[in-house]
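Enquirer: The following file, protein-v8.tsv, comprises TSV, C-alpha atoms and all ligand atoms:
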chain	number	residue	atom	x	y	z
A	1	MET	CA	-39.36	1.26	-36.10
A	2	ARG	CA	-42.41	-0.14	-37.86
A	3	SER	CA	-43.06	-3.57	-39.28
A	4	ASN	CA	-44.50	-4.07	-42.76
A	5	GLU	CA	-48.07	-3.70	-41.62
A	6	ASN	CA	-49.40	-4.86	-44.96
A	7	PHE	CA	-48.82	-8.38	-43.61
A	8	LEU	CA	-51.43	-7.74	-40.92
A	9	LYS	CA	-54.08	-7.30	-43.61
A	10	ILE	CA	-53.77	-10.93	-44.78
A	11	GLN	CA	-56.65	-13.03	-43.60
A	12	SER	CA	-55.40	-15.26	-40.79
A	13	SER	CA	-57.55	-18.31	-41.53
A	14	TYR	CA	-55.69	-19.44	-44.61
A	15	LEU	CA	-57.83	-21.80	-46.66
A	16	PHE	CA	-55.81	-24.97	-46.13
A	17	SER	CA	-55.31	-24.30	-42.41
A	18	MET	CA	-59.07	-24.08	-42.06
A	19	ILE	CA	-59.52	-27.36	-43.94
A	20	GLY	CA	-56.85	-29.02	-41.76
A	21	LYS	CA	-58.57	-27.76	-38.61
A	22	LYS	CA	-61.97	-29.06	-39.68
A	23	VAL	CA	-60.52	-32.48	-40.60
A	24	ARG	CA	-58.65	-32.71	-37.26
A	25	GLU	CA	-61.83	-31.85	-35.36
A	26	TYR	CA	-63.80	-34.45	-37.29
A	27	LYS	CA	-61.13	-37.09	-36.59
A	28	ALA	CA	-61.09	-36.28	-32.89
A	29	THR	CA	-64.78	-37.11	-32.59
A	30	ASN	CA	-64.84	-39.86	-35.25
A	31	PRO	CA	-61.54	-41.75	-34.89
A	32	GLN	CA	-62.83	-44.68	-37.01
A	33	GLY	CA	-63.68	-42.46	-40.01
A	34	ASP	CA	-61.74	-43.46	-43.15
A	35	ILE	CA	-60.99	-40.01	-44.55
A	36	ILE	CA	-60.02	-39.64	-48.22
A	37	ARG	CA	-58.25	-36.38	-49.03
A	38	LEU	CA	-58.82	-34.96	-52.48
A	39	GLY	CA	-58.21	-31.43	-51.29
A	40	ILE	CA	-54.64	-30.13	-51.31
A	41	GLY	CA	-52.72	-30.04	-54.60
A	42	ASP	CA	-49.65	-32.00	-53.51
A	43	VAL	CA	-48.43	-34.95	-55.55
A	44	THR	CA	-48.25	-38.50	-54.16
A	45	ARG	CA	-46.37	-40.54	-56.79
A	46	PRO	CA	-42.67	-41.13	-56.00
A	47	LEU	CA	-40.00	-39.49	-58.13
A	48	PRO	CA	-39.34	-41.30	-61.42
A	49	GLU	CA	-36.36	-43.66	-61.21
A	50	ALA	CA	-34.38	-41.77	-63.87
A	51	ILE	CA	-34.53	-38.76	-61.57
A	52	THR	CA	-33.53	-40.51	-58.32
A	53	GLN	CA	-30.63	-42.21	-60.13
A	54	ALA	CA	-29.39	-38.82	-61.30
A	55	MET	CA	-29.68	-37.51	-57.75
A	56	HIS	CA	-27.63	-40.43	-56.36
A	57	SER	CA	-24.97	-39.84	-58.92
A	58	ALA	CA	-24.94	-36.08	-58.19
A	59	VAL	CA	-24.49	-36.82	-54.48
A	60	ASP	CA	-21.45	-38.93	-55.42
A	61	ASP	CA	-20.09	-35.97	-57.43
A	62	MET	CA	-20.33	-33.86	-54.28
A	63	SER	CA	-18.30	-36.38	-52.26
A	64	SER	CA	-15.17	-36.14	-54.38
A	65	GLU	CA	-12.87	-33.13	-54.53
A	66	SER	CA	-12.58	-33.23	-58.30
A	67	SER	CA	-16.34	-33.06	-58.95
A	68	PHE	CA	-17.52	-31.15	-55.86
A	69	ARG	CA	-19.60	-28.00	-56.58
A	70	GLY	CA	-20.07	-25.03	-54.30
A	71	TYR	CA	-22.46	-22.14	-54.92
A	72	PRO	CA	-24.41	-22.80	-58.08
A	73	PRO	CA	-24.76	-20.12	-60.78
A	74	GLU	CA	-27.59	-17.77	-59.69
A	75	TYR	CA	-29.61	-18.42	-62.85
A	76	GLY	CA	-29.06	-22.18	-63.19
A	77	TYR	CA	-26.39	-24.52	-64.51
A	78	ASP	CA	-25.96	-24.49	-68.28
A	79	PHE	CA	-26.64	-28.25	-68.43
A	80	LEU	CA	-30.20	-27.65	-67.12
A	81	VAL	CA	-30.94	-24.37	-68.87
A	82	GLU	CA	-29.97	-25.91	-72.23
A	83	LYS	CA	-32.34	-28.87	-71.70
A	84	ILE	CA	-35.20	-26.59	-70.66
A	85	ASN	CA	-34.67	-24.49	-73.75
A	86	ARG	CA	-34.43	-27.48	-76.09
A	87	TYR	CA	-37.29	-29.64	-74.77
A	88	ASP	CA	-39.80	-27.14	-73.36
A	89	PHE	CA	-39.44	-24.38	-75.95
A	90	ALA	CA	-37.43	-25.13	-79.12
A	91	ALA	CA	-39.34	-28.42	-79.52
A	92	ARG	CA	-42.56	-26.35	-79.64
A	93	GLY	CA	-41.18	-23.84	-82.09
A	94	VAL	CA	-40.39	-21.19	-79.44
A	95	LYS	CA	-36.98	-19.57	-79.75
A	96	LEU	CA	-35.48	-18.39	-76.49
A	97	GLU	CA	-31.97	-17.44	-75.52
A	98	ASN	CA	-30.53	-19.28	-72.54
A	99	ASP	CA	-30.19	-16.08	-70.55
A	100	GLU	CA	-33.94	-15.52	-70.78
A	101	ILE	CA	-34.39	-18.59	-68.53
A	102	PHE	CA	-33.94	-18.26	-64.75
A	103	VAL	CA	-33.86	-21.50	-62.72
A	104	SER	CA	-35.31	-21.16	-59.21
A	105	ASP	CA	-36.62	-23.10	-56.22
A	106	GLY	CA	-40.30	-22.75	-57.05
A	107	ALA	CA	-43.02	-21.09	-59.05
A	108	LYS	CA	-44.59	-20.01	-55.77
A	109	SER	CA	-41.48	-18.02	-54.84
A	110	ASP	CA	-41.12	-16.60	-58.34
A	111	THR	CA	-44.77	-15.55	-58.75
A	112	GLY	CA	-44.47	-13.90	-55.33
A	113	ASN	CA	-41.01	-12.36	-55.76
A	114	ILE	CA	-41.67	-10.96	-59.22
A	115	GLY	CA	-43.38	-8.04	-57.46
A	116	ASP	CA	-39.89	-6.83	-56.43
A	117	ILE	CA	-39.17	-5.62	-59.97
A	118	ILE	CA	-42.41	-3.76	-60.61
A	119	SER	CA	-43.57	-0.53	-59.05
A	120	VAL	CA	-45.86	-0.63	-56.06
A	121	ASP	CA	-48.05	1.89	-57.91
A	122	ASN	CA	-49.02	-0.56	-60.65
A	123	THR	CA	-52.64	-1.63	-60.91
A	124	VAL	CA	-52.94	-5.39	-60.63
A	125	SER	CA	-55.69	-7.45	-62.15
A	126	VAL	CA	-56.52	-10.95	-60.95
A	127	CYS	CA	-58.89	-13.67	-62.03
A	128	ASP	CA	-61.57	-14.77	-59.63
A	129	PRO	CA	-61.38	-17.62	-58.57
A	130	ILE	CA	-57.59	-17.61	-58.29
A	131	PHE	CA	-54.48	-19.32	-56.82
A	132	PRO	CA	-54.32	-17.25	-53.56
A	133	VAL	CA	-50.54	-16.57	-53.72
A	134	TYR	CA	-50.97	-13.92	-56.45
A	135	ILE	CA	-53.26	-11.84	-54.25
A	136	ASP	CA	-51.55	-12.36	-50.89
A	137	THR	CA	-48.14	-11.35	-52.23
A	138	ASN	CA	-49.61	-8.14	-53.63
A	139	VAL	CA	-51.27	-7.47	-50.28
A	140	MET	CA	-47.87	-7.87	-48.58
A	141	SER	CA	-46.23	-5.41	-50.93
A	142	GLY	CA	-48.99	-2.81	-50.58
A	143	ARG	CA	-50.53	-3.06	-54.05
A	144	ALA	CA	-53.90	-4.49	-53.01
A	145	GLY	CA	-55.39	-1.73	-50.82
A	146	VAL	CA	-57.82	-2.80	-48.13
A	147	LEU	CA	-60.12	-5.79	-47.85
A	148	LEU	CA	-63.74	-4.86	-48.53
A	149	GLY	CA	-66.85	-6.44	-47.10
A	150	ASN	CA	-67.45	-8.35	-50.35
A	151	GLY	CA	-64.17	-10.26	-49.95
A	152	LYS	CA	-62.35	-8.18	-52.60
A	153	TRP	CA	-59.30	-5.91	-52.22
A	154	SER	CA	-59.98	-2.25	-52.96
A	155	LYS	CA	-57.12	-1.66	-55.43
A	156	LEU	CA	-57.25	-4.93	-57.36
A	157	VAL	CA	-59.15	-5.28	-60.63
A	158	TYR	CA	-61.12	-8.52	-60.51
A	159	LEU	CA	-61.92	-10.64	-63.56
A	160	ALA	CA	-64.75	-12.83	-62.40
A	161	GLY	CA	-65.16	-16.22	-64.03
A	162	SER	CA	-68.56	-17.83	-64.19
A	163	GLU	CA	-70.40	-20.83	-65.56
A	164	LYS	CA	-71.39	-18.71	-68.56
A	165	THR	CA	-67.79	-18.15	-69.63
A	166	ASP	CA	-66.63	-21.61	-68.53
A	167	PHE	CA	-64.53	-19.72	-65.98
A	168	LEU	CA	-62.40	-18.04	-68.64
A	169	PRO	CA	-61.71	-14.44	-67.65
A	170	GLU	CA	-62.86	-11.61	-69.91
A	171	LEU	CA	-60.54	-8.72	-70.77
A	172	PRO	CA	-60.44	-6.03	-68.05
A	173	LYS	CA	-62.84	-3.13	-68.58
A	174	GLU	CA	-60.56	-0.75	-66.66
A	175	HIS	CA	-56.84	-0.20	-67.02
A	176	ALA	CA	-54.55	-2.81	-65.46
A	177	ASP	CA	-50.75	-2.70	-65.61
A	178	ILE	CA	-50.32	-6.31	-64.56
A	179	VAL	CA	-52.59	-9.30	-65.15
A	180	TYR	CA	-52.05	-12.73	-63.64
A	181	LEU	CA	-53.19	-15.57	-65.88
A	182	CYS	CA	-52.82	-19.27	-65.07
A	183	PHE	CA	-53.50	-21.99	-67.66
A	184	PRO	CA	-54.31	-24.81	-67.26
A	185	ASN	CA	-55.96	-23.14	-64.33
A	186	ASN	CA	-55.78	-23.82	-60.66
A	187	PRO	CA	-58.48	-24.08	-59.26
A	188	THR	CA	-60.91	-24.52	-62.20
A	189	GLY	CA	-58.82	-26.94	-64.28
A	190	MET	CA	-59.75	-25.07	-67.45
A	191	GLY	CA	-57.30	-24.60	-70.34
A	192	ILE	CA	-57.11	-21.73	-72.83
A	193	THR	CA	-56.95	-22.02	-76.62
A	194	LYS	CA	-54.49	-20.14	-78.81
A	195	PRO	CA	-57.10	-17.70	-80.21
A	196	GLN	CA	-58.37	-16.99	-76.69
A	197	LEU	CA	-54.87	-16.35	-75.35
A	198	GLN	CA	-53.95	-14.29	-78.42
A	199	LYS	CA	-56.65	-11.78	-77.40
A	200	TRP	CA	-54.87	-11.32	-74.07
A	201	VAL	CA	-51.48	-10.89	-75.70
A	202	ASP	CA	-52.88	-8.30	-78.14
A	203	TRP	CA	-54.65	-6.48	-75.32
A	204	ALA	CA	-51.46	-6.40	-73.21
A	205	ASN	CA	-49.37	-5.04	-76.09
A	206	GLU	CA	-51.98	-2.40	-76.95
A	207	ASN	CA	-52.28	-1.28	-73.32
A	208	LYS	CA	-48.59	-1.60	-72.43
A	209	SER	CA	-49.58	-4.07	-69.74
A	210	ILE	CA	-47.74	-7.17	-68.63
A	211	ILE	CA	-49.13	-10.69	-68.34
A	212	LEU	CA	-47.72	-12.85	-65.56
A	213	TYR	CA	-48.45	-16.27	-67.05
A	214	ASP	CA	-48.35	-19.26	-64.71
A	215	ALA	CA	-47.96	-22.45	-66.73
A	216	ALA	CA	-47.20	-24.75	-63.77
A	217	TYR	CA	-49.67	-27.33	-65.14
A	218	GLU	CA	-48.74	-27.28	-68.85
A	219	ALA	CA	-47.58	-30.92	-68.71
A	220	PHE	CA	-51.20	-31.99	-68.16
A	221	ILE	CA	-52.40	-30.58	-71.48
A	222	THR	CA	-53.96	-33.31	-73.62
A	223	GLU	CA	-55.82	-31.16	-76.16
A	224	ASP	CA	-54.63	-28.67	-78.76
A	225	LEU	CA	-53.77	-25.83	-76.39
A	226	PRO	CA	-50.66	-23.67	-76.07
A	227	HIS	CA	-48.11	-24.99	-73.55
A	228	SER	CA	-46.27	-21.68	-73.46
A	229	ILE	CA	-47.57	-18.14	-73.93
A	230	TYR	CA	-44.59	-17.58	-76.26
A	231	GLU	CA	-46.30	-19.80	-78.85
A	232	LEU	CA	-48.44	-16.68	-79.41
A	233	GLU	CA	-47.48	-13.83	-81.71
A	234	GLY	CA	-46.26	-10.80	-79.73
A	235	ALA	CA	-46.00	-12.50	-76.32
A	236	LYS	CA	-42.31	-11.75	-75.90
A	237	THR	CA	-42.98	-8.05	-75.54
A	238	CYS	CA	-45.67	-8.44	-72.88
A	239	ALA	CA	-45.37	-11.69	-70.92
A	240	ILE	CA	-43.36	-13.35	-68.18
A	241	GLU	CA	-43.90	-17.10	-67.86
A	242	PHE	CA	-43.56	-19.29	-64.77
A	243	ARG	CA	-42.93	-23.02	-64.96
A	244	SER	CA	-42.38	-25.65	-62.29
A	245	PHE	CA	-41.07	-29.19	-61.97
A	246	SER	CA	-43.41	-29.69	-58.99
A	247	LYS	CA	-46.47	-31.12	-60.66
A	248	THR	CA	-44.70	-32.21	-63.83
A	249	ALA	CA	-41.99	-34.37	-62.30
A	250	GLY	CA	-43.03	-34.75	-58.67
A	251	PHE	CA	-40.69	-32.04	-57.33
A	252	THR	CA	-43.00	-30.52	-54.70
A	253	GLY	CA	-40.54	-31.70	-52.04
A	254	VAL	CA	-37.38	-31.37	-54.15
A	255	ARG	CA	-38.00	-27.76	-55.29
A	256	CYS	CA	-37.10	-26.64	-58.78
A	257	ALA	CA	-38.81	-24.29	-61.22
A	258	TYR	CA	-37.94	-21.61	-63.73
A	259	THR	CA	-39.12	-18.25	-64.99
A	260	ILE	CA	-38.82	-16.84	-68.50
A	261	ILE	CA	-38.29	-13.12	-69.02
A	262	PRO	CA	-37.65	-12.31	-72.69
A	263	LYS	CA	-35.14	-9.56	-73.38
A	264	GLN	CA	-37.68	-7.80	-75.60
A	265	LEU	CA	-39.85	-7.17	-72.56
A	266	THR	CA	-39.19	-3.59	-71.51
A	267	VAL	CA	-41.08	-1.06	-69.42
A	268	ASN	CA	-40.31	2.57	-70.28
A	269	GLY	CA	-37.08	1.38	-71.83
A	270	VAL	CA	-36.07	-0.71	-68.78
A	271	SER	CA	-35.38	-4.41	-69.38
A	272	LEU	CA	-37.26	-6.60	-66.88
A	273	ASN	CA	-34.85	-9.42	-67.73
A	274	LYS	CA	-31.99	-7.29	-66.38
A	275	LEU	CA	-33.92	-6.30	-63.27
A	276	TRP	CA	-34.81	-9.91	-62.48
A	277	ALA	CA	-31.20	-10.99	-63.06
A	278	ARG	CA	-30.15	-8.30	-60.58
A	279	ARG	CA	-32.84	-9.31	-58.12
A	280	GLN	CA	-31.93	-12.99	-58.24
A	281	ALA	CA	-28.19	-12.37	-58.00
A	282	THR	CA	-28.77	-10.25	-54.90
A	283	LYS	CA	-31.47	-12.19	-53.04
A	284	PHE	CA	-31.16	-15.78	-54.28
A	285	ASN	CA	-28.16	-18.08	-54.21
A	286	GLY	CA	-29.27	-20.65	-56.74
A	287	VAL	CA	-30.73	-24.16	-56.73
A	288	SER	CA	-28.55	-27.00	-55.43
A	289	TYR	CA	-26.43	-29.01	-57.86
A	290	VAL	CA	-28.16	-32.27	-56.86
A	291	THR	CA	-31.59	-30.76	-57.53
A	292	GLN	CA	-30.58	-29.37	-60.90
A	293	ARG	CA	-29.14	-32.75	-61.94
A	294	ALA	CA	-32.48	-34.24	-60.89
A	295	ALA	CA	-34.36	-31.70	-63.01
A	296	GLU	CA	-32.04	-32.35	-65.94
A	297	ALA	CA	-32.83	-36.08	-65.75
A	298	ARG	CA	-36.50	-35.28	-66.37
A	299	TYR	CA	-35.46	-34.55	-69.98
A	300	SER	CA	-33.54	-37.79	-70.64
A	301	ASP	CA	-35.30	-40.42	-72.80
A	302	GLU	CA	-36.13	-42.49	-69.73
A	303	GLY	CA	-37.01	-39.41	-67.68
A	304	ARG	CA	-39.48	-38.15	-70.27
A	305	LYS	CA	-41.13	-41.57	-70.53
A	306	GLN	CA	-41.41	-41.98	-66.77
A	307	VAL	CA	-42.75	-38.47	-66.22
A	308	GLU	CA	-45.36	-39.11	-68.90
A	309	GLN	CA	-46.45	-42.26	-67.04
A	310	THR	CA	-46.90	-40.27	-63.83
A	311	ILE	CA	-48.93	-37.59	-65.59
A	312	ASP	CA	-51.08	-40.30	-67.23
A	313	PHE	CA	-51.67	-41.81	-63.81
A	314	TYR	CA	-53.02	-38.50	-62.46
A	315	LEU	CA	-55.00	-37.79	-65.64
A	316	ASN	CA	-56.62	-41.20	-65.28
A	317	ASN	CA	-57.66	-40.27	-61.72
A	318	ALA	CA	-58.99	-36.99	-63.11
A	319	ARG	CA	-61.11	-38.87	-65.68
A	320	ILE	CA	-62.49	-41.16	-62.98
A	321	ILE	CA	-63.42	-38.21	-60.77
A	322	LYS	CA	-64.95	-36.18	-63.59
A	323	ASN	CA	-66.98	-39.09	-65.02
A	324	GLY	CA	-68.15	-40.14	-61.56
A	325	LEU	CA	-69.25	-36.61	-60.70
A	326	ASN	CA	-71.07	-36.26	-63.99
A	327	GLU	CA	-72.83	-39.61	-63.37
A	328	ALA	CA	-73.83	-38.35	-59.92
A	329	GLY	CA	-75.47	-35.34	-61.61
A	330	PHE	CA	-72.82	-32.66	-61.00
A	331	LYS	CA	-71.78	-30.09	-63.54
A	332	THR	CA	-67.99	-30.13	-63.84
A	333	TRP	CA	-65.12	-28.20	-65.43
A	334	GLY	CA	-61.47	-29.14	-65.89
A	335	GLY	CA	-60.02	-32.62	-65.39
A	336	VAL	CA	-59.07	-33.00	-69.08
A	337	ASN	CA	-55.97	-30.81	-69.36
A	338	SER	CA	-55.47	-30.58	-65.64
A	339	PRO	CA	-55.35	-32.54	-62.39
A	340	TYR	CA	-58.13	-30.31	-61.00
A	341	ILE	CA	-61.86	-30.88	-61.28
A	342	TRP	CA	-64.16	-27.97	-60.48
A	343	LEU	CA	-67.78	-28.76	-59.72
A	344	LYS	CA	-70.94	-26.90	-59.00
A	345	VAL	CA	-72.31	-27.66	-55.54
A	346	PRO	CA	-76.05	-28.23	-55.04
A	347	GLU	CA	-77.96	-24.92	-55.16
A	348	THR	CA	-79.04	-25.26	-51.53
A	349	MET	CA	-75.50	-25.22	-50.14
A	350	THR	CA	-72.53	-22.88	-49.93
A	351	SER	CA	-69.05	-24.21	-50.77
A	352	TRP	CA	-68.22	-24.65	-47.08
A	353	GLU	CA	-71.56	-26.32	-46.34
A	354	PHE	CA	-70.82	-28.78	-49.14
A	355	PHE	CA	-67.35	-29.35	-47.63
A	356	ASP	CA	-68.90	-30.13	-44.23
A	357	TYR	CA	-71.55	-32.37	-45.82
A	358	LEU	CA	-68.97	-34.49	-47.70
A	359	LEU	CA	-66.77	-34.77	-44.61
A	360	GLU	CA	-69.66	-35.73	-42.31
A	361	LYS	CA	-71.46	-38.12	-44.63
A	362	ILE	CA	-68.73	-39.85	-46.64
A	363	GLN	CA	-65.41	-38.61	-45.20
A	364	VAL	CA	-64.22	-37.12	-48.50
A	365	VAL	CA	-62.20	-33.91	-48.26
A	366	GLY	CA	-62.11	-31.35	-51.06
A	367	THR	CA	-61.55	-27.60	-51.27
A	368	PRO	CA	-64.40	-25.06	-51.07
A	369	GLY	CA	-64.41	-22.81	-54.13
A	370	SER	CA	-65.05	-19.69	-52.04
A	371	GLY	CA	-61.50	-20.08	-50.66
A	372	PHE	CA	-60.23	-19.11	-54.11
A	373	GLY	CA	-62.22	-15.87	-54.28
A	374	PRO	CA	-65.80	-14.56	-54.16
A	375	ALA	CA	-66.65	-15.96	-57.63
A	376	GLY	CA	-65.72	-19.44	-56.36
A	377	GLU	CA	-68.72	-19.46	-54.03
A	378	GLY	CA	-71.07	-22.29	-54.99
A	379	PHE	CA	-68.22	-24.37	-56.46
A	380	PHE	CA	-65.76	-26.96	-55.16
A	381	ARG	CA	-62.38	-28.34	-56.22
A	382	LEU	CA	-61.26	-31.96	-56.18
A	383	THR	CA	-57.75	-33.02	-57.15
A	384	ALA	CA	-56.48	-36.04	-59.04
A	385	PHE	CA	-53.20	-36.30	-57.11
A	386	GLY	CA	-54.42	-39.10	-54.82
A	387	ASN	CA	-53.83	-42.81	-54.87
A	388	ALA	CA	-55.87	-44.64	-57.56
A	389	ASP	CA	-57.84	-46.94	-55.21
A	390	LYS	CA	-58.70	-44.14	-52.81
A	391	THR	CA	-59.79	-41.93	-55.70
A	392	LEU	CA	-62.10	-44.69	-56.99
A	393	GLU	CA	-63.45	-45.26	-53.50
A	394	ALA	CA	-64.11	-41.51	-53.01
A	395	VAL	CA	-65.98	-41.35	-56.31
A	396	GLU	CA	-68.09	-44.39	-55.38
A	397	ARG	CA	-69.00	-42.74	-52.08
A	398	ILE	CA	-70.01	-39.53	-53.86
A	399	LYS	CA	-72.11	-41.47	-56.39
A	400	ASN	CA	-73.87	-43.39	-53.63
A	401	LEU	CA	-74.52	-40.26	-51.60
A	402	PHE	CA	-76.05	-38.37	-54.49
A	403	ALA	CA	-77.75	-41.32	-56.24
A	404	LYS	CA	-81.19	-40.19	-57.30
A	501	LIG	N1	-48.58	-22.06	-59.48
A	501	LIG	C1	-49.74	-22.71	-59.32
A	501	LIG	C2	-50.89	-22.33	-60.16
A	501	LIG	C3	-49.86	-23.72	-58.37
A	501	LIG	O1	-51.04	-24.36	-58.21
A	501	LIG	C4	-48.75	-24.07	-57.57
A	501	LIG	C5	-48.84	-25.11	-56.53
A	501	LIG	O2	-49.84	-25.60	-56.14
A	501	LIG	C6	-47.58	-23.36	-57.76
A	501	LIG	C7	-47.52	-22.37	-58.72
A	501	LIG	C8	-46.39	-23.63	-56.90
A	501	LIG	O3	-45.40	-24.27	-57.58
A	501	LIG	P1	-44.01	-24.61	-56.89
A	501	LIG	O4	-44.18	-25.91	-56.18
A	501	LIG	O5	-43.05	-24.67	-58.03
A	501	LIG	O6	-43.68	-23.51	-55.94
Will you turn the file into C-alpha cells for me?
Ligand code: PLP
Expert:
Amino acid sequence: MRSNENFLKIQSSYLFSMIGKKVREYKATNPQGDIIRLGIGDVTRPLPEAITQAMHSAVDDMSSESSFRGYPPEYGYDFLVEKINRYDFAARGVKLENDEIFVSDGAKSDTGNIGDIISVDNTVSVCDPIFPVYIDTNVMSGRAGVLLGNGKWSKLVYLAGSEKTDFLPELPKEHADIVYLCFPNNPTGMGITKPQLQKWVDWANENKSIILYDAAYEAFITEDLPHSIYELEGAKTCAIEFRSFSKTAGFTGVRCAYTIIPKQLTVNGVSLNKLWARRQATKFNGVSYVTQRAAEARYSDEGRKQVEQTIDFYLNNARIIKNGLNEAGFKTWGGVNSPYIWLKVPETMTSWEFFDYLLEKIQVVGTPGSGFGPAGEGFFRLTAFGNADKTLEAVERIKNLFAK
C-alpha cells in the first residue's frame, strides 16, 4: 500500500497559514494593536435580501411533503441553469445549451477537479503570479514534477508577468496542452481586452491546446472587457470556463458555482462535456435545493439590483485603496475591474519584508506577492473586501507612513 506521495511535495507553509501565524504572533506581543486585514479574499457584506428571502422560502419547501426535494440533479436544477444561461450568456450574445452548464459547489473544486478528465501526461502552463490552487492541484495529480530551487515546478511551463507587460501573460514559447488563465486576475487585479484574449483563443485552436478560463471575478468588470471567453470567436472549441457566485453574490459561505464545457470541445474525438458529466455524476451529488434557489434569486430584478450594490461597495473600496496608494507614491495595478489591488513594494524590501513592515508599523495586513509565485516577488496584494471605514483607515495609515 502506498499513499499518493505527490501530496507530500506540496509546500507545507501555505501562504495564508503563514500570514495567520505572523498576525497571531504579533497580537500575542501587541494585544492593543488595532489590526486591519486587507489580505484574504473573503467577502464581508451580508447576502442580499432577495437571496436570503429565497433561501427562507426554499427551507419552507423542504418542510412540506408536497414540495420536499431529495438528491438534486447532478448538473443543477433547470430553474437555475436556465437563469444562468439567460442572464450570464444569452444577454451578452453568447449562445449555450443548458447541458453545457454544470452547477457545482465552487470554482475552487471545479478548477481542481477538472484535472480528473485530462491525462496526467499533459503539459500544463500557468501564469506567474497565480491563484495557487491551479498549481497545487496539478502537483497532487502528478503533472507538476518536482519543486526546483527557484520556486518553480520542473514540468510546468511558466508565463511570467511583469511590470513591462502590466502582468498580462505572453503566449507560451514551448508547447503546452493546458493553459490556466484568470481574468479579471487574482492576484494582480488586471483585466484582459477582447483582442488580447482573442490571441489566446487563436493560439489554443492552432496548437490543439485547451484554455481553463477562470472568470470568478467577471462581475467586477467596469470597462469594455469580455465577461466570458465565449464572447470570442473560436472559444467553444478550445476553452472551459469557471464561474462562481462567491464574489459576485456573497456565496463564499453558501457555496455555488458553475462550469461551462461546450459540446464542440473535443480532444482526439472525445467530448470533454461528456467526460465531465460522467465525472460529476460519479463523484458529486449536486448542490442543495436551498442553495440553488438562493443562486436563482441573484437573477431576479431585486437580486440583480442588490448584487450590483454590493459590487459597487467593494469597487468603491478598491478605488479608495488604489487612489490612496498612488498618492503615497506606489505604483499599482488592478482595482478598476477587480477587488484586488497589486502594488510594487519599495525597492529595498522583499514582499515578506514589506508585509512585516506594514504589520509592525501600522497594523495593516496584506498578502505578499511572492506567495503567488516567483514573479510576484517585489509586489503585494491588497483586497477591497473589507469594511468601508476600516479600508479608509488602512489607507490613511499607509499614506501617513509613506508621506514624503
Ligand atoms: N478562482 C479564483 C481566481 C479565486 O480567487 C477564488 C477564490 O478566492 C476561487 C476561484 C474560488 O471560488 P469558489 O469560492 O467558488 O470556490
Enquirer: Closest to Gly151 in chain A among A:Trp200, A:Phe372, A:Phe313, A:Trp276, using all atoms listed in the file?
Expert: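 The answer is A:Phe372, which sits nearest to Gly151 in chain A.
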Enquirer: Can you tell me, as a ChimeraX atom specification, what residues are no more than 12 Å from Asn400 in chain A when counting all atoms listed in the file, ignoring any on the same chain fewer than 6 positions away?
Expert: /A:324-325,327-329,358,361-362,393-394
Enquirer: For ligand LIG 501 (chain A), list the contacting residues at 7 Å or closer, counting all atoms listed in the file, as an NGL selection string.
Expert: :A and (41-42 or 105-109 or 131 or 182 or 185-186 or 214 or 216 or 244-246 or 252 or 255-257)
Enquirer: Excluding Phe167 in chain A and residues on its chain fewer than 4 positions from it, collect all residues at most 9 Å away from it, counting all atoms listed in the file, and give them as a count of residues only.
Expert: 9
Enquirer: So how far away is CA of Arg381 in chain A from CA of Trp352 in chain A, in Å?
Expert: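 So the answer is 11.5 Å.
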Enquirer: Compute the distance from (-46.5, -27.0, -73.4) to each atom, counting only C-alpha atoms, keep the residues with any atom at most 9 Å away, and return them as a PDB file with C-alpha atoms, in the frame of the given file; use the coordinates of the file.
Expert:
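Written file, point35.pdb:
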ATOM      1  CA  ASP A  88     -39.800 -27.140 -73.360  1.00  0.00           C
ATOM      2  CA  PHE A  89     -39.440 -24.380 -75.950  1.00  0.00           C
ATOM      3  CA  ARG A  92     -42.560 -26.350 -79.640  1.00  0.00           C
ATOM      4  CA  ALA A 215     -47.960 -22.450 -66.730  1.00  0.00           C
ATOM      5  CA  TYR A 217     -49.670 -27.330 -65.140  1.00  0.00           C
ATOM      6  CA  GLU A 218     -48.740 -27.280 -68.850  1.00  0.00           C
ATOM      7  CA  ALA A 219     -47.580 -30.920 -68.710  1.00  0.00           C
ATOM      8  CA  PHE A 220     -51.200 -31.990 -68.160  1.00  0.00           C
ATOM      9  CA  ILE A 221     -52.400 -30.580 -71.480  1.00  0.00           C
ATOM     10  CA  LEU A 225     -53.770 -25.830 -76.390  1.00  0.00           C
ATOM     11  CA  PRO A 226     -50.660 -23.670 -76.070  1.00  0.00           C
ATOM     12  CA  HIS A 227     -48.110 -24.990 -73.550  1.00  0.00           C
ATOM     13  CA  SER A 228     -46.270 -21.680 -73.460  1.00  0.00           C
ATOM     14  CA  ILE A 229     -47.570 -18.140 -73.930  1.00  0.00           C
TER      15      ILE A 229
END
Enquirer: So how far away is CA of Glu74 in chain A from CA of Val94 in chain A, in Å?
Expert: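 Interatomic distance here is 23.8 Å.
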Enquirer: I want to know what sits within 7 Å of range 32-40 of chain A, based on only C-alpha atoms, with residues of the same chain fewer than 6 positions away left out; could you give that as a PyMOL selection string?
Expert: chain A and resi 363-367+382-383+386+390+394
Enquirer: Counting all atoms listed in the file, figure out which residue out of A:Lys322, A:Arg278, A:Lys22, A:Lys283 gets nearest to Glu360 in chain A.
Expert: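 Answer, going by the shortest atom-to-atom distance: A:Lys22.
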Enquirer: With a distance cut-off of 6 Å and all atoms listed in the file, select the neighbouring residues of range 172-177 of chain A, excluding the residue or stretch itself and same-chain residues fewer than 4 positions from it, and output the selection as a PyMOL selection string.
Expert: chain A and resi 122-125+209
Enquirer: What would the file look like if the residues just selected were written as a tab-separated table (two decimals), in the frame of the given file with C-alpha atoms?
Expert:
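Below is the file again_0.tsv, written as the result:
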chain	number	residue	atom	x	y	z
A	122	ASN	CA	-49.02	-0.56	-60.65
A	123	THR	CA	-52.64	-1.63	-60.91
A	124	VAL	CA	-52.94	-5.39	-60.63
A	125	SER	CA	-55.69	-7.45	-62.15
A	209	SER	CA	-49.58	-4.07	-69.74
Enquirer: Quote the spacing between CA of Phe330 in chain A and CA of Pro187 in chain A in Å to one decimal place.
Expert: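 Interatomic distance, CA of Phe330 in chain A to CA of Pro187 in chain A: 16.8 Å.
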Enquirer: So that I can check the surroundings of Leu96 in chain A, please list as number ranges by chain every protein, DNA and RNA residue that reaches within 8 Å of it, counting all atoms listed in the file and ignoring chain neighbours fewer than 4 positions away.
Expert: A: 85, 89-90, 100, 262
